[in-house]
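Below is the file target.cif, which contains mmCIF, C-alpha atoms.
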```
data_work
loop_
_atom_site.label_atom_id
_atom_site.label_comp_id
_atom_site.auth_asym_id
_atom_site.auth_seq_id
_atom_site.Cartn_x
_atom_site.Cartn_y
_atom_site.Cartn_z
CA MET G 1250 99.41 87.64 84.28
CA THR G 1251 101.15 84.30 84.65
CA THR G 1252 100.14 80.87 83.47
CA LEU G 1253 98.06 78.78 85.83
CA PRO G 1254 99.78 75.73 87.29
CA ALA G 1255 99.46 72.70 85.05
CA SER G 1256 97.53 70.88 87.78
CA SER G 1257 94.54 73.24 87.62
CA LYS G 1258 92.41 74.32 84.70
CA THR G 1259 91.00 77.21 86.67
CA CYS G 1260 91.92 79.08 89.84
CA VAL G 1261 89.41 79.24 92.69
CA MET G 1262 90.60 82.69 93.73
CA CYS G 1263 90.24 84.03 90.19
CA ASP G 1264 86.77 82.57 89.80
CA LEU G 1265 84.87 82.85 93.10
CA PRO G 1266 82.92 86.11 93.47
CA VAL G 1267 83.91 86.44 97.15
CA PHE G 1268 87.54 86.92 96.13
CA GLN G 1269 86.74 89.55 93.55
CA ARG G 1270 86.75 93.32 93.64
CA GLY G 1271 83.40 94.77 94.64
CA SER G 1272 82.27 91.52 96.29
CA LYS G 1273 78.96 91.86 98.10
CA ASP G 1274 79.76 88.90 100.34
CA TYR G 1275 79.16 89.44 104.08
CA ARG G 1276 82.87 88.70 104.66
CA TRP G 1277 84.05 91.45 102.30
CA ILE G 1278 86.12 94.15 104.05
CA ALA G 1279 87.50 96.44 101.36
CA ASP G 1280 88.91 96.86 97.87
CA LEU G 1281 92.48 98.07 98.28
CA ALA G 1282 94.86 99.31 95.56
CA VAL G 1283 95.55 95.97 93.84
CA SER G 1284 93.87 93.45 96.14
CA THR G 1285 90.64 92.54 97.93
CA ALA G 1286 90.35 92.03 101.70
CA ILE G 1287 87.94 89.47 103.10
CA LEU G 1288 87.52 87.78 106.47
CA ALA G 1289 88.55 84.12 106.43
CA SER G 1290 85.53 81.85 106.64
CA ARG G 1291 86.69 78.95 108.81
CA GLU G 1292 89.53 80.50 110.83
CA GLN G 1293 87.67 82.90 113.14
CA PHE G 1294 88.88 80.95 116.18
CA TYR G 1295 91.65 83.53 115.60
CA ARG G 1296 89.21 86.43 115.54
CA GLY G 1297 89.95 88.84 112.72
CA TYR G 1298 91.84 86.30 110.57
CA THR G 1299 91.87 88.05 107.20
CA LEU G 1300 92.81 87.15 103.63
CA LEU G 1301 94.09 89.72 101.19
CA VAL G 1302 93.77 88.40 97.65
CA LEU G 1303 95.66 89.90 94.71
CA ASN G 1304 93.30 91.01 91.92
CA GLN G 1305 95.38 89.33 89.21
CA HIS G 1306 96.64 85.78 88.97
CA ALA G 1307 100.25 85.17 90.01
CA THR G 1308 101.80 82.55 92.23
CA GLU G 1309 105.05 84.22 93.41
CA LEU G 1310 105.90 87.79 94.37
CA PHE G 1311 108.77 87.92 91.90
CA GLN G 1312 106.41 87.29 88.97
CA LEU G 1313 104.77 90.67 89.55
CA GLU G 1314 105.63 93.97 87.96
CA PRO G 1315 107.55 95.97 90.63
CA ASN G 1316 104.84 98.63 90.95
CA ILE G 1317 102.10 96.00 91.43
CA ARG G 1318 104.26 94.17 94.00
CA GLU G 1319 104.90 97.40 95.89
CA GLN G 1320 101.17 98.19 95.99
CA PHE G 1321 100.34 94.64 97.10
CA MET G 1322 102.84 94.94 99.95
CA GLU G 1323 101.47 98.34 100.96
CA ASP G 1324 97.92 96.98 100.84
CA ALA G 1325 99.00 94.25 103.29
CA ASN G 1326 100.69 96.77 105.53
CA ARG G 1327 97.66 99.06 105.56
CA LEU G 1328 95.29 96.20 106.33
CA ALA G 1329 97.57 94.81 109.06
CA GLN G 1330 97.60 98.21 110.71
CA ALA G 1331 93.79 98.35 110.56
CA LEU G 1332 93.60 94.88 112.13
CA ASP G 1333 96.03 96.00 114.83
CA LYS G 1334 93.88 99.05 115.60
CA THR G 1335 90.69 97.00 115.59
CA PHE G 1336 91.73 94.00 117.67
CA LYS G 1337 94.79 95.30 119.57
CA PRO G 1338 96.57 91.95 119.34
CA LEU G 1339 99.87 91.02 120.94
CA LYS G 1340 101.41 90.59 117.48
CA MET G 1341 100.37 90.46 113.84
CA ASN G 1342 101.39 87.45 111.71
CA TYR G 1343 101.75 87.96 107.94
CA CYS G 1344 102.06 84.94 105.63
CA LEU G 1345 102.06 84.30 101.91
CA LEU G 1346 101.78 80.53 101.45
CA GLY G 1347 99.72 79.38 98.46
CA ASN G 1348 100.43 75.69 98.96
CA VAL G 1349 96.77 74.80 98.42
CA LEU G 1350 95.62 77.77 96.35
CA PRO G 1351 98.63 79.08 94.40
CA HIS G 1352 97.21 82.55 93.80
CA LEU G 1353 99.00 85.26 95.81
CA HIS G 1354 97.09 86.02 99.00
CA TRP G 1355 98.16 87.17 102.44
CA HIS G 1356 97.05 85.51 105.64
CA LEU G 1357 96.93 88.36 108.19
CA ILE G 1358 96.38 86.96 111.66
CA PRO G 1359 96.00 88.87 114.93
CA ARG G 1360 97.74 86.87 117.67
CA ARG G 1361 96.79 87.10 121.34
CA GLU G 1362 98.08 86.02 124.71
CA THR G 1363 94.94 83.89 125.03
CA ASP G 1364 95.84 81.81 121.93
CA PRO G 1365 96.42 78.12 122.74
CA ASP G 1366 100.09 78.64 121.87
CA PRO G 1367 100.86 82.33 121.28
CA LYS G 1368 104.51 81.55 120.46
CA TRP G 1369 103.76 79.11 117.65
CA PRO G 1370 102.27 79.74 114.19
CA VAL G 1371 98.53 78.98 114.12
CA TRP G 1372 99.04 75.84 112.02
CA GLY G 1373 100.62 73.80 114.81
CA PHE G 1374 97.42 71.97 115.65
CA PRO G 1375 93.84 71.79 114.42
CA PHE G 1376 91.76 74.58 115.92
CA PRO G 1377 87.99 74.40 116.34
CA GLU G 1378 85.73 75.92 113.73
CA THR G 1379 84.08 78.92 115.38
CA GLN G 1380 80.53 79.80 114.43
CA VAL G 1381 80.24 83.43 113.32
CA SER G 1382 76.91 84.74 112.03
CA GLU G 1383 76.59 86.81 108.86
CA ASP G 1384 75.78 89.84 111.03
CA GLU G 1385 78.89 89.33 113.16
CA PHE G 1386 81.01 89.01 110.02
CA ARG G 1387 79.49 92.20 108.60
CA GLN G 1388 80.11 94.10 111.85
CA MET G 1389 83.71 92.90 112.10
CA ALA G 1390 84.34 93.88 108.46
CA LYS G 1391 82.79 97.31 109.13
CA ASP G 1392 84.99 97.82 112.20
CA ILE G 1393 88.14 96.92 110.26
CA ARG G 1394 87.10 99.14 107.34
CA ALA G 1395 86.66 102.07 109.72
CA ASN G 1396 90.31 101.69 110.75
CA LEU G 1397 91.74 101.55 107.24
CA MET O 1390 113.61 102.59 115.88
CA THR O 1391 110.83 101.38 118.12
CA THR O 1392 110.84 100.53 121.79
CA LEU O 1393 111.61 96.95 122.71
CA PRO O 1394 108.71 94.97 124.16
CA ALA O 1395 108.45 95.36 127.91
CA SER O 1396 109.11 91.64 128.36
CA SER O 1397 112.68 91.86 127.08
CA LYS O 1398 115.56 94.08 128.10
CA THR O 1399 117.45 93.23 124.95
CA CYS O 1400 116.60 91.71 121.57
CA VAL O 1401 118.43 88.56 120.44
CA MET O 1402 118.27 89.63 116.81
CA CYS O 1403 119.71 93.05 117.61
CA ASP O 1404 122.51 91.57 119.68
CA LEU O 1405 123.73 88.33 118.09
CA PRO O 1406 126.55 88.83 115.56
CA VAL O 1407 125.05 86.24 113.18
CA PHE O 1408 122.05 88.50 112.61
CA GLN O 1409 124.13 91.56 111.92
CA ARG O 1410 125.34 93.15 108.73
CA GLY O 1411 128.74 91.87 107.63
CA SER O 1412 128.39 88.68 109.70
CA LYS O 1413 131.22 86.23 109.09
CA ASP O 1414 129.07 83.30 110.25
CA TYR O 1415 129.11 80.25 107.97
CA ARG O 1416 125.32 80.67 107.57
CA TRP O 1417 125.59 84.24 106.27
CA ILE O 1418 124.23 84.67 102.74
CA ALA O 1419 124.22 88.38 101.97
CA ASP O 1420 123.71 91.93 103.17
CA LEU O 1421 120.75 93.32 101.27
CA ALA O 1422 119.47 96.92 101.21
CA VAL O 1423 118.07 97.08 104.75
CA SER O 1424 118.34 93.49 105.95
CA THR O 1425 120.68 90.53 106.40
CA ALA O 1426 120.07 87.07 104.92
CA ILE O 1427 121.18 83.96 106.78
CA LEU O 1428 120.37 80.27 106.51
CA ALA O 1429 118.22 79.01 109.39
CA SER O 1430 120.21 76.81 111.74
CA ARG O 1431 117.76 74.11 112.78
CA GLU O 1432 115.25 74.07 109.92
CA GLN O 1433 117.33 72.60 107.07
CA PHE O 1434 115.00 69.60 106.87
CA TYR O 1435 113.40 72.16 104.51
CA ARG O 1436 116.63 72.67 102.58
CA GLY O 1437 117.29 76.35 101.91
CA TYR O 1438 115.09 77.63 104.78
CA THR O 1439 116.30 81.23 105.08
CA LEU O 1440 115.80 84.10 107.52
CA LEU O 1441 115.94 87.72 106.39
CA VAL O 1442 116.47 89.97 109.39
CA LEU O 1443 115.78 93.71 109.32
CA ASN O 1444 118.86 95.74 110.30
CA GLN O 1445 116.91 97.92 112.72
CA HIS O 1446 114.60 96.97 115.57
CA ALA O 1447 110.87 97.01 114.86
CA THR O 1448 108.14 94.51 115.56
CA GLU O 1449 105.47 95.36 112.96
CA LEU O 1450 105.68 96.43 109.31
CA PHE O 1451 103.55 99.51 109.95
CA GLN O 1452 106.08 100.87 112.44
CA LEU O 1453 108.60 101.35 109.64
CA GLU O 1454 109.21 104.42 107.56
CA PRO O 1455 107.58 103.73 104.15
CA ASN O 1456 110.90 103.76 102.28
CA ILE O 1457 112.46 101.27 104.72
CA ARG O 1458 109.40 99.03 104.51
CA GLU O 1459 109.51 99.12 100.71
CA GLN O 1460 113.18 98.15 100.72
CA PHE O 1461 112.57 95.37 103.26
CA MET O 1462 109.81 93.95 101.04
CA GLU O 1463 112.01 94.18 97.94
CA ASP O 1464 114.87 92.49 99.83
CA ALA O 1465 112.49 89.60 100.62
CA ASN O 1466 111.34 89.42 97.01
CA ARG O 1467 114.91 89.41 95.67
CA LEU O 1468 115.99 86.71 98.11
CA ALA O 1469 112.91 84.58 97.42
CA GLN O 1470 113.68 84.73 93.71
CA ALA O 1471 117.28 83.66 94.39
CA LEU O 1472 116.01 80.74 96.51
CA ASP O 1473 113.62 79.80 93.71
CA LYS O 1474 116.47 79.82 91.17
CA THR O 1475 118.75 77.85 93.48
CA PHE O 1476 116.39 75.15 94.71
CA LYS O 1477 113.63 75.13 92.05
CA PRO O 1478 110.91 74.44 94.61
CA LEU O 1479 107.26 73.78 93.91
CA LYS O 1480 106.34 76.99 95.79
CA MET O 1481 107.95 79.60 97.99
CA ASN O 1482 106.43 80.36 101.41
CA TYR O 1483 106.98 83.85 102.88
CA CYS O 1484 106.15 84.53 106.54
CA LEU O 1485 106.65 87.34 109.02
CA LEU O 1486 105.74 85.96 112.44
CA GLY O 1487 107.84 87.24 115.34
CA ASN O 1488 105.85 85.42 118.03
CA VAL O 1489 109.04 84.25 119.74
CA LEU O 1490 111.49 86.93 118.57
CA PRO O 1491 109.51 90.12 117.94
CA HIS O 1492 112.09 91.71 115.62
CA LEU O 1493 110.94 91.83 112.00
CA HIS O 1494 112.35 88.87 110.05
CA TRP O 1495 111.09 86.88 107.10
CA HIS O 1496 110.95 83.11 107.03
CA LEU O 1497 111.53 82.21 103.35
CA ILE O 1498 110.92 78.53 102.81
CA PRO O 1499 111.28 76.53 99.59
CA ARG O 1500 108.48 73.94 99.49
CA ARG O 1501 108.74 70.69 97.56
CA GLU O 1502 106.54 67.81 96.46
CA THR O 1503 108.69 65.58 98.67
CA ASP O 1504 107.75 67.51 101.84
CA PRO O 1505 105.84 65.40 104.38
CA ASP O 1506 102.78 67.56 103.69
CA PRO O 1507 103.41 69.95 100.79
CA LYS O 1508 99.93 71.49 101.16
CA TRP O 1509 100.35 72.51 104.80
CA PRO O 1510 102.60 75.17 106.38
CA VAL O 1511 105.82 73.64 107.75
CA TRP O 1512 104.70 74.16 111.36
CA GLY O 1513 102.04 71.45 111.30
CA PHE O 1514 104.23 68.86 112.99
CA PRO O 1515 107.70 68.62 114.45
CA PHE O 1516 110.27 67.94 111.75
CA PRO O 1517 113.61 66.27 112.39
CA GLU O 1518 116.72 68.36 112.93
CA THR O 1519 118.90 67.78 109.89
CA GLN O 1520 122.66 67.77 110.33
CA VAL O 1521 124.33 70.22 107.96
CA SER O 1522 128.11 70.77 108.17
CA GLU O 1523 129.69 74.23 108.14
CA ASP O 1524 131.03 73.51 104.66
CA GLU O 1525 127.59 72.55 103.39
CA PHE O 1526 126.10 75.72 104.88
CA ARG O 1527 128.83 77.81 103.23
CA GLN O 1528 128.27 76.16 99.86
CA MET O 1529 124.50 76.61 100.06
CA ALA O 1530 124.93 80.29 101.00
CA LYS O 1531 127.36 80.75 98.10
CA ASP O 1532 124.94 79.14 95.64
CA ILE O 1533 122.09 81.39 96.81
CA ARG O 1534 124.35 84.47 96.69
CA ALA O 1535 125.27 83.65 93.08
CA ASN O 1536 121.56 83.84 92.17
CA LEU O 1537 120.88 87.19 93.84
#
```
Let me see whether you can do it: turn the structure in this file into structure tokens.
Amino acid sequence: MTTLPASSKTCVMCDLPVFQRGSKDYRWIADLAVSTAILASREQFYRGYTLLVLNQHATELFQLEPNIREQFMEDANRLAQALDKTFKPLKMNYCLLGNVLPHLHWHLIPRRETDPDPKWPVWGFPFPETQVSEDEFRQMAKDIRANL
Amino acid sequence: MTTLPASSKTCVMCDLPVFQRGSKDYRWIADLAVSTAILASREQFYRGYTLLVLNQHATELFQLEPNIREQFMEDANRLAQALDKTFKPLKMNYCLLGNVLPHLHWHLIPRRETDPDPKWPVWGFPFPETQVSEDEFRQMAKDIRANL
């Protein structure tokens, strides 16, 4: 466990129930070895956009014990493969950023030929918020889980 | 080794000497376990922006043999730590995209408070091409190498 950045007293990803193991949130997909998979709330314009949040607080990969890092990487790989099976995208994108929330989490994004710009990362322009109902979220999470 | 996408007869990252093991290019940083580290050519507005190219052709992490994938992930971790030591950024960003060149390669990007928008991924807006001489590239690569 590493120290939180001086700029924050608490960490949103440590504190919010949705990011925690055993979450009952409708966006919850699965508890993996050392991380928790949930569907992103506001990014479903890219259908299947998933976050994989590490179950302990750290901001950089190299702060982790090697065995935890290895499991975190394998969790991401396993989830990416499940997303690939579920959505059959053109390409998967895998990003660890943490510029806003410096708690290690993967952005796993299925990319499609129908994207506004399939060649560019999704952050090139603002994309519309897509309304997804709780039932749709639950079904999508169930479909992904079935492919894990 | 996986099949190349139908859209390309050859793969730029497989073919260009700069992306190959033992490259003598002035942007070459190091040969790691299963990948080759080079400084990005046109992205040095984000000083230290580095690419880590897998030494075999594959487009998705889950196509790799587990031991190769583990080594590729550890190569990225080791290089990110060296970049952190060299540039002391606010945060490292780690991305596997491949939307343009579908050959597995990490984008490892040191992020700083002085970035135009430190909270957003670097692809949010066009950034100026920054002139870096061959000597500067060589020195930067040497500094990173010393921290590996």
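Picked by the PyMOL selection byres ((chain O) within 7 of (chain G)) from the coordinates shown: Leu1450, Phe1451, Glu1459, Asn1466, Gln1470, Lys1480, Asn1482, Tyr1483, Cys1484, Leu1485, Leu1486, Asn1488, Val1489, Pro1507, Lys1508, Trp1509, Pro1510, Trp1512, Gly1513 and Phe1514 of chain O.
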Resulting file, chosen residues, C-alpha atoms, as an mmCIF file, in the coordinates of the input:
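Saved the output as part.cif:
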```cif
data_model
loop_
_atom_site.group_PDB
_atom_site.id
_atom_site.type_symbol
_atom_site.label_atom_id
_atom_site.label_comp_id
_atom_site.auth_asym_id
_atom_site.auth_seq_id
_atom_site.Cartn_x
_atom_site.Cartn_y
_atom_site.Cartn_z
ATOM 1 C CA LEU O 1450 105.680 96.430 109.310
ATOM 2 C CA PHE O 1451 103.550 99.510 109.950
ATOM 3 C CA GLU O 1459 109.510 99.120 100.710
ATOM 4 C CA ASN O 1466 111.340 89.420 97.010
ATOM 5 C CA GLN O 1470 113.680 84.730 93.710
ATOM 6 C CA LYS O 1480 106.340 76.990 95.790
ATOM 7 C CA ASN O 1482 106.430 80.360 101.410
ATOM 8 C CA TYR O 1483 106.980 83.850 102.880
ATOM 9 C CA CYS O 1484 106.150 84.530 106.540
ATOM 10 C CA LEU O 1485 106.650 87.340 109.020
ATOM 11 C CA LEU O 1486 105.740 85.960 112.440
ATOM 12 C CA ASN O 1488 105.850 85.420 118.030
ATOM 13 C CA VAL O 1489 109.040 84.250 119.740
ATOM 14 C CA PRO O 1507 103.410 69.950 100.790
ATOM 15 C CA LYS O 1508 99.930 71.490 101.160
ATOM 16 C CA TRP O 1509 100.350 72.510 104.800
ATOM 17 C CA PRO O 1510 102.600 75.170 106.380
ATOM 18 C CA TRP O 1512 104.700 74.160 111.360
ATOM 19 C CA GLY O 1513 102.040 71.450 111.300
ATOM 20 C CA PHE O 1514 104.230 68.860 112.990
#
```
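The gap separating CA of Asn1444 (chain O) from CA of Thr1425 (chain O) is 6.8 Å, in Å to one decimal.
Residues with any atom within 10 Å of Ile1427 (chain O), counting only C-alpha atoms and excluding same-chain neighbours fewer than 4 positions away, are O:Val1407, O:Phe1408, O:Gln1409, O:Ser1412, O:Asp1414, O:Tyr1415, O:Arg1416, O:Trp1417, O:Ile1418, O:Ala1419, O:Asp1420, O:Gly1437, O:Tyr1438, O:Thr1439, O:Leu1440, O:Leu1441, O:Val1442, O:Phe1526, O:Ala1530.
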Mind checking which residues fall within 10 Å of Asp1392 (chain G), counting all atoms listed in the file, ignoring those fewer than 3 positions away in the same chain, and posting them as a ChimeraX atom specification? /G:1278,1331-1332,1334-1336,1386-1389,1395-1397
For the residues in the current selection, export C-alpha atoms as a tab-separated table (two decimals), in the coordinates of the input.
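After the write, result-v2.tsv holds the following:
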```tsv
chain	number	residue	atom	x	y	z
G	1278	ILE	CA	86.12	94.15	104.05
G	1331	ALA	CA	93.79	98.35	110.56
G	1332	LEU	CA	93.60	94.88	112.13
G	1334	LYS	CA	93.88	99.05	115.60
G	1335	THR	CA	90.69	97.00	115.59
G	1336	PHE	CA	91.73	94.00	117.67
G	1386	PHE	CA	81.01	89.01	110.02
G	1387	ARG	CA	79.49	92.20	108.60
G	1388	GLN	CA	80.11	94.10	111.85
G	1389	MET	CA	83.71	92.90	112.10
G	1395	ALA	CA	86.66	102.07	109.72
G	1396	ASN	CA	90.31	101.69	110.75
G	1397	LEU	CA	91.74	101.55	107.24
```
So how many Å separate CA of Glu1454 (chain O) and CA of Arg1534 (chain O), to one decimal? 27.3 Å
Coordinates-based distance that separates CA of Arg1436 (chain O) from CA of Lys1413 (chain O) (Å, one decimal): 21.0 Å
Determine the nearest neighbour of His1494 (chain O) from the options O:Pro1406, O:Asp1464, O:Ser1430, O:Leu1443, counting all atoms listed in the file. O:Leu1443
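If you measure from each of O:Thr1503, O:Leu1428, O:Val1423, O:Arg1410 to Glu1523 (chain O) using all atoms listed in the file, the closest one turns out to be O:Leu1428.
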Ranking O:Glu1525, O:Ala1447, O:His1492, O:Thr1519 by minimum distance to Tyr1435 (chain O) and counting all atoms listed in the file, which one comes first? O:Thr1519
